[in-house]
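Worksheet: the structure to be examined is printed underneath.
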Number of protein chains: 2
Amino acid sequence: MKLKINNIAARLEALEETIIFKIITRAQYKKNPLIYQIGKSGFKNHPDKSLFGIRLLKQEELEAVFNRYSCPEERPFNTNLPKSERDFLPPESPLHIDELDKINLTEDILKSYLGLVDEIAEEGNDPSQYGSSIEHDVYALQAISERVHFGAFYVAETKYQSDPDLYQPLIDQKDEEGILIALTRAEVERRILERVREKTKLFQKDVNAQVRRIIDPALMAKFYEQTIIPLTKKGEVLYLLQRK
Amino acid sequence: MKLKINNIAARLEALEETIIFKIITRAQYKKNPLIYQIGKSGFKNHPDKSLFGIRLLKQEELEAVFNRYSCPEERPFNTNLPKSERDFLPPESPLHIDELDKINLTEDILKSYLGLVDEIAEEGNDPSQYGSSIEHDVYALQAISERVHFGAFYVAETKYQSDPDLYQPLIDQKDEEGILIALTRAEVERRILERVREKTKLFQKDVNAQVRRIIDPALMAKFYEQTIIPLTKKGEVLYLLQRK
């Protein structure tokens, strides 16, 4: 199945708004560091998890029942999730990979995201906001994971299809560095960062700073620069090395 | 406990962004009418529900375990939800009501919201988007419900506290019409509609219409005018009639 780079790029661009909206929404609540502390959840049956960790697990167990993870770009943060109860025929995939779970960047995503929360949210614990904070953490993480894995799989496959003679020898030699150089588009990355900065600014332009917390657009662009783009490229390299 | 009208108004204003973000996100997917049809979910064990209905139920069952519905403004769309497994002491409430569930406007909210989706989303069914559509339906509905019930409870209580001599006789006479007139602020409503229109326009100002669906700001304002504001006021009247 032939992929079109314009369609892939459009989907990635459209996901930017969703990611920015969701991160801004999370930042309306305090940091609430207690929600990330293991053993402080108030759930007796999960002594080994934080309140956030339990919420992420329960949400993913629910999503698994709805077949979310049969979609290549939806990679879960947890393992051993239940099987779907829903009759569902997965659509024909243009991807050349036998096991999607071989590529899962959620551990890196989670680590960087928690650093971002620490930068953008206000200091303090407010128990009345714990539920909303973990809810929006999960939604932001899902949107970021979708973006990273969609890029990793589909951008890599598209680039391969457009120039197999370039990529196949590098893959055969397992030349990770060479693949990374071949697929890097510095000008595209620069444009994405500029766009993310402008969108974050625009979405908050007329916001009443008395009632909403304003997020520094440079921090959103930095998150793209240091996390979303490099992890997408890491995923692209992994995909191409697995490609068959 | 004394409520401050400025704090209440600030919270309502801050929720506008969240609602608009979530509705715009839902509108990125097609209408997908099949997801709302009973018996077409693909779940054998829920023949009496639509795919959307099952998702809403499962999400609320999950949220109930996290104690979402011990918060007054979080009223569920389903009944008979499980009890929380989490140790949790509800904070002292400034509300004068013995049973929160006596006021629940979710049925009205759901009906209007489905009409809104029909207006803003693109025609058609795309099975690859069913999961994302029902996911964002649920998130948008939760944000709308939070806004309506928060307004209903807290705005009504604040107005009562600011002028008990006006409201108490109307409550004693069960004068619904009189209460509605007493609590209506036409100028505030006009300002909210203007703000919602402007925010919806602004959030989409530089959006690439090739990759994102643009929502008519007038439709968002109309949803506030015909649904969110009247339902909030309906809830305010119900709250005052129940107040003790």
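Each chain in the structure tokens gets a letter, A, B and so on, in the order shown; residues start at 1 in every chain, and ligands are counted from 1 in the order they appear.
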Determine, using only C-alpha atoms, which residues of chain B have any atom at most 7 Å from an atom of chain A, and tabulate each with its shortest atom pair and distance in Å to one decimal place, rows ordered by chain and then rising number, as a Markdown table.
| residue | atom | partner | partner_atom | distance |
| --- | --- | --- | --- | --- |
| B:Ala10 | CA | A:Val211 | CA | 5.1 |
| B:Arg11 | CA | A:Val211 | CA | 6.8 |
| B:Ala14 | CA | A:Arg212 | CA | 5.7 |
| B:Thr18 | CA | A:Thr25 | CA | 6.6 |
| B:Phe21 | CA | A:Phe21 | CA | 6.2 |
| B:Thr25 | CA | A:Thr18 | CA | 6.6 |
| B:Gly42 | CA | A:Asp87 | CA | 5.0 |
| B:Phe43 | CA | A:Arg86 | CA | 4.7 |
| B:Arg68 | CA | A:Gly131 | CA | 6.8 |
| B:Glu85 | CA | A:Phe43 | CA | 6.1 |
| B:Arg86 | CA | A:Phe43 | CA | 4.7 |
| B:Asp87 | CA | A:Gly42 | CA | 5.0 |
| B:Gly131 | CA | A:Arg68 | CA | 6.8 |
| B:Leu202 | CA | A:Phe203 | CA | 6.7 |
| B:Phe203 | CA | A:Phe203 | CA | 5.0 |
| B:Val211 | CA | A:Ala10 | CA | 5.1 |
| B:Arg212 | CA | A:Ala14 | CA | 5.7 |
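Taking only stretch 20-238 of chain B, the residues that DSSP calls strand (DSSP E or B) from the backbone come to Lys30, Phe43, Arg86 and Glu122 of chain B.
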Practice problem: Could you give me, as number ranges by chain, the residues within 9 Å of B:Gly235, counting only C-alpha atoms and dropping anything in the same chain fewer than 5 positions from it? | Solution: B: 103-105, 148-149, 151-153, 156, 230, 240
For the residues in the current selection, export N, CA, C and O atoms as a PDB file, in the first residue's frame.
ATOM      1  N   ILE B 103     -30.146  16.649  41.529  1.00  0.00           N
ATOM      2  CA  ILE B 103     -29.974  17.575  40.407  1.00  0.00           C
ATOM      3  C   ILE B 103     -28.982  16.971  39.433  1.00  0.00           C
ATOM      4  O   ILE B 103     -27.797  16.862  39.717  1.00  0.00           O
ATOM      5  N   ASN B 104     -29.498  16.544  38.309  1.00  0.00           N
ATOM      6  CA  ASN B 104     -28.635  15.914  37.311  1.00  0.00           C
ATOM      7  C   ASN B 104     -29.200  16.246  35.930  1.00  0.00           C
ATOM      8  O   ASN B 104     -30.274  15.782  35.559  1.00  0.00           O
ATOM      9  N   LEU B 105     -28.453  17.073  35.212  1.00  0.00           N
ATOM     10  CA  LEU B 105     -28.941  17.575  33.924  1.00  0.00           C
ATOM     11  C   LEU B 105     -28.304  16.852  32.746  1.00  0.00           C
ATOM     12  O   LEU B 105     -28.329  17.333  31.615  1.00  0.00           O
ATOM     13  N   VAL B 148     -21.876  22.956  33.583  1.00  0.00           N
ATOM     14  CA  VAL B 148     -23.299  23.190  33.862  1.00  0.00           C
ATOM     15  C   VAL B 148     -23.593  22.975  35.347  1.00  0.00           C
ATOM     16  O   VAL B 148     -24.236  23.816  35.996  1.00  0.00           O
ATOM     17  N   HIS B 149     -23.099  21.874  35.911  1.00  0.00           N
ATOM     18  CA  HIS B 149     -23.416  21.592  37.313  1.00  0.00           C
ATOM     19  C   HIS B 149     -22.655  22.498  38.276  1.00  0.00           C
ATOM     20  O   HIS B 149     -23.182  22.872  39.321  1.00  0.00           O
ATOM     21  N   GLY B 151     -21.888  25.592  37.656  1.00  0.00           N
ATOM     22  CA  GLY B 151     -22.684  26.821  37.619  1.00  0.00           C
ATOM     23  C   GLY B 151     -23.972  26.670  38.410  1.00  0.00           C
ATOM     24  O   GLY B 151     -24.324  27.516  39.240  1.00  0.00           O
ATOM     25  N   ALA B 152     -24.668  25.574  38.165  1.00  0.00           N
ATOM     26  CA  ALA B 152     -25.958  25.357  38.821  1.00  0.00           C
ATOM     27  C   ALA B 152     -25.823  25.436  40.339  1.00  0.00           C
ATOM     28  O   ALA B 152     -26.578  26.141  41.019  1.00  0.00           O
ATOM     29  N   PHE B 153     -24.848  24.732  40.883  1.00  0.00           N
ATOM     30  CA  PHE B 153     -24.720  24.660  42.337  1.00  0.00           C
ATOM     31  C   PHE B 153     -24.121  25.950  42.923  1.00  0.00           C
ATOM     32  O   PHE B 153     -24.673  26.555  43.832  1.00  0.00           O
ATOM     33  N   ALA B 156     -25.765  29.525  42.018  1.00  0.00           N
ATOM     34  CA  ALA B 156     -27.030  29.668  42.747  1.00  0.00           C
ATOM     35  C   ALA B 156     -26.784  29.938  44.225  1.00  0.00           C
ATOM     36  O   ALA B 156     -27.387  30.839  44.823  1.00  0.00           O
ATOM     37  N   PRO B 230     -28.893  28.025  29.409  1.00  0.00           N
ATOM     38  CA  PRO B 230     -30.228  27.669  29.938  1.00  0.00           C
ATOM     39  C   PRO B 230     -30.199  26.476  30.898  1.00  0.00           C
ATOM     40  O   PRO B 230     -30.922  26.478  31.891  1.00  0.00           O
ATOM     41  N   LEU B 240     -31.922  25.826  44.126  1.00  0.00           N
ATOM     42  CA  LEU B 240     -32.550  26.719  45.115  1.00  0.00           C
ATOM     43  C   LEU B 240     -33.830  26.092  45.674  1.00  0.00           C
ATOM     44  O   LEU B 240     -34.112  26.219  46.866  1.00  0.00           O
TER      45      LEU B 240
END
Quiz item: Which polymer residues have any atom within 8 Å of an atom of B:Lys31, counting only C-alpha atoms, with same-chain residues fewer than 3 positions away left out, as a list in words?
Solution: Ala27, Val117, Asp118, Ala121, Glu122, Glu123, Gly124 and Asn125 of chain B
Practice problem: Could you give me the residues within stretch 37-212 of chain A that DSSP places in alpha helix (DSSP H), as a PyMOL selection string? | Solution: chain A and resi 51-65+106-120+130-150+156-162+164-172+176-183+186-203
Quiz item: Which residues, written as a VMD selection string, have at least one atom at most 8 Å from A:Val155, with only C-alpha atoms counted and residues fewer than 5 positions away on the same chain left out?
Solution: chain A and resid 5 8 150 236
Self-check item: Atomic distance atom CA of B:Glu99 - atom CA of B:Ser145, expressed in Å with one decimal
Solution: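 Atom CA of B:Ser145 lies at a distance of 17.4 Å from atom CA of B:Glu99.
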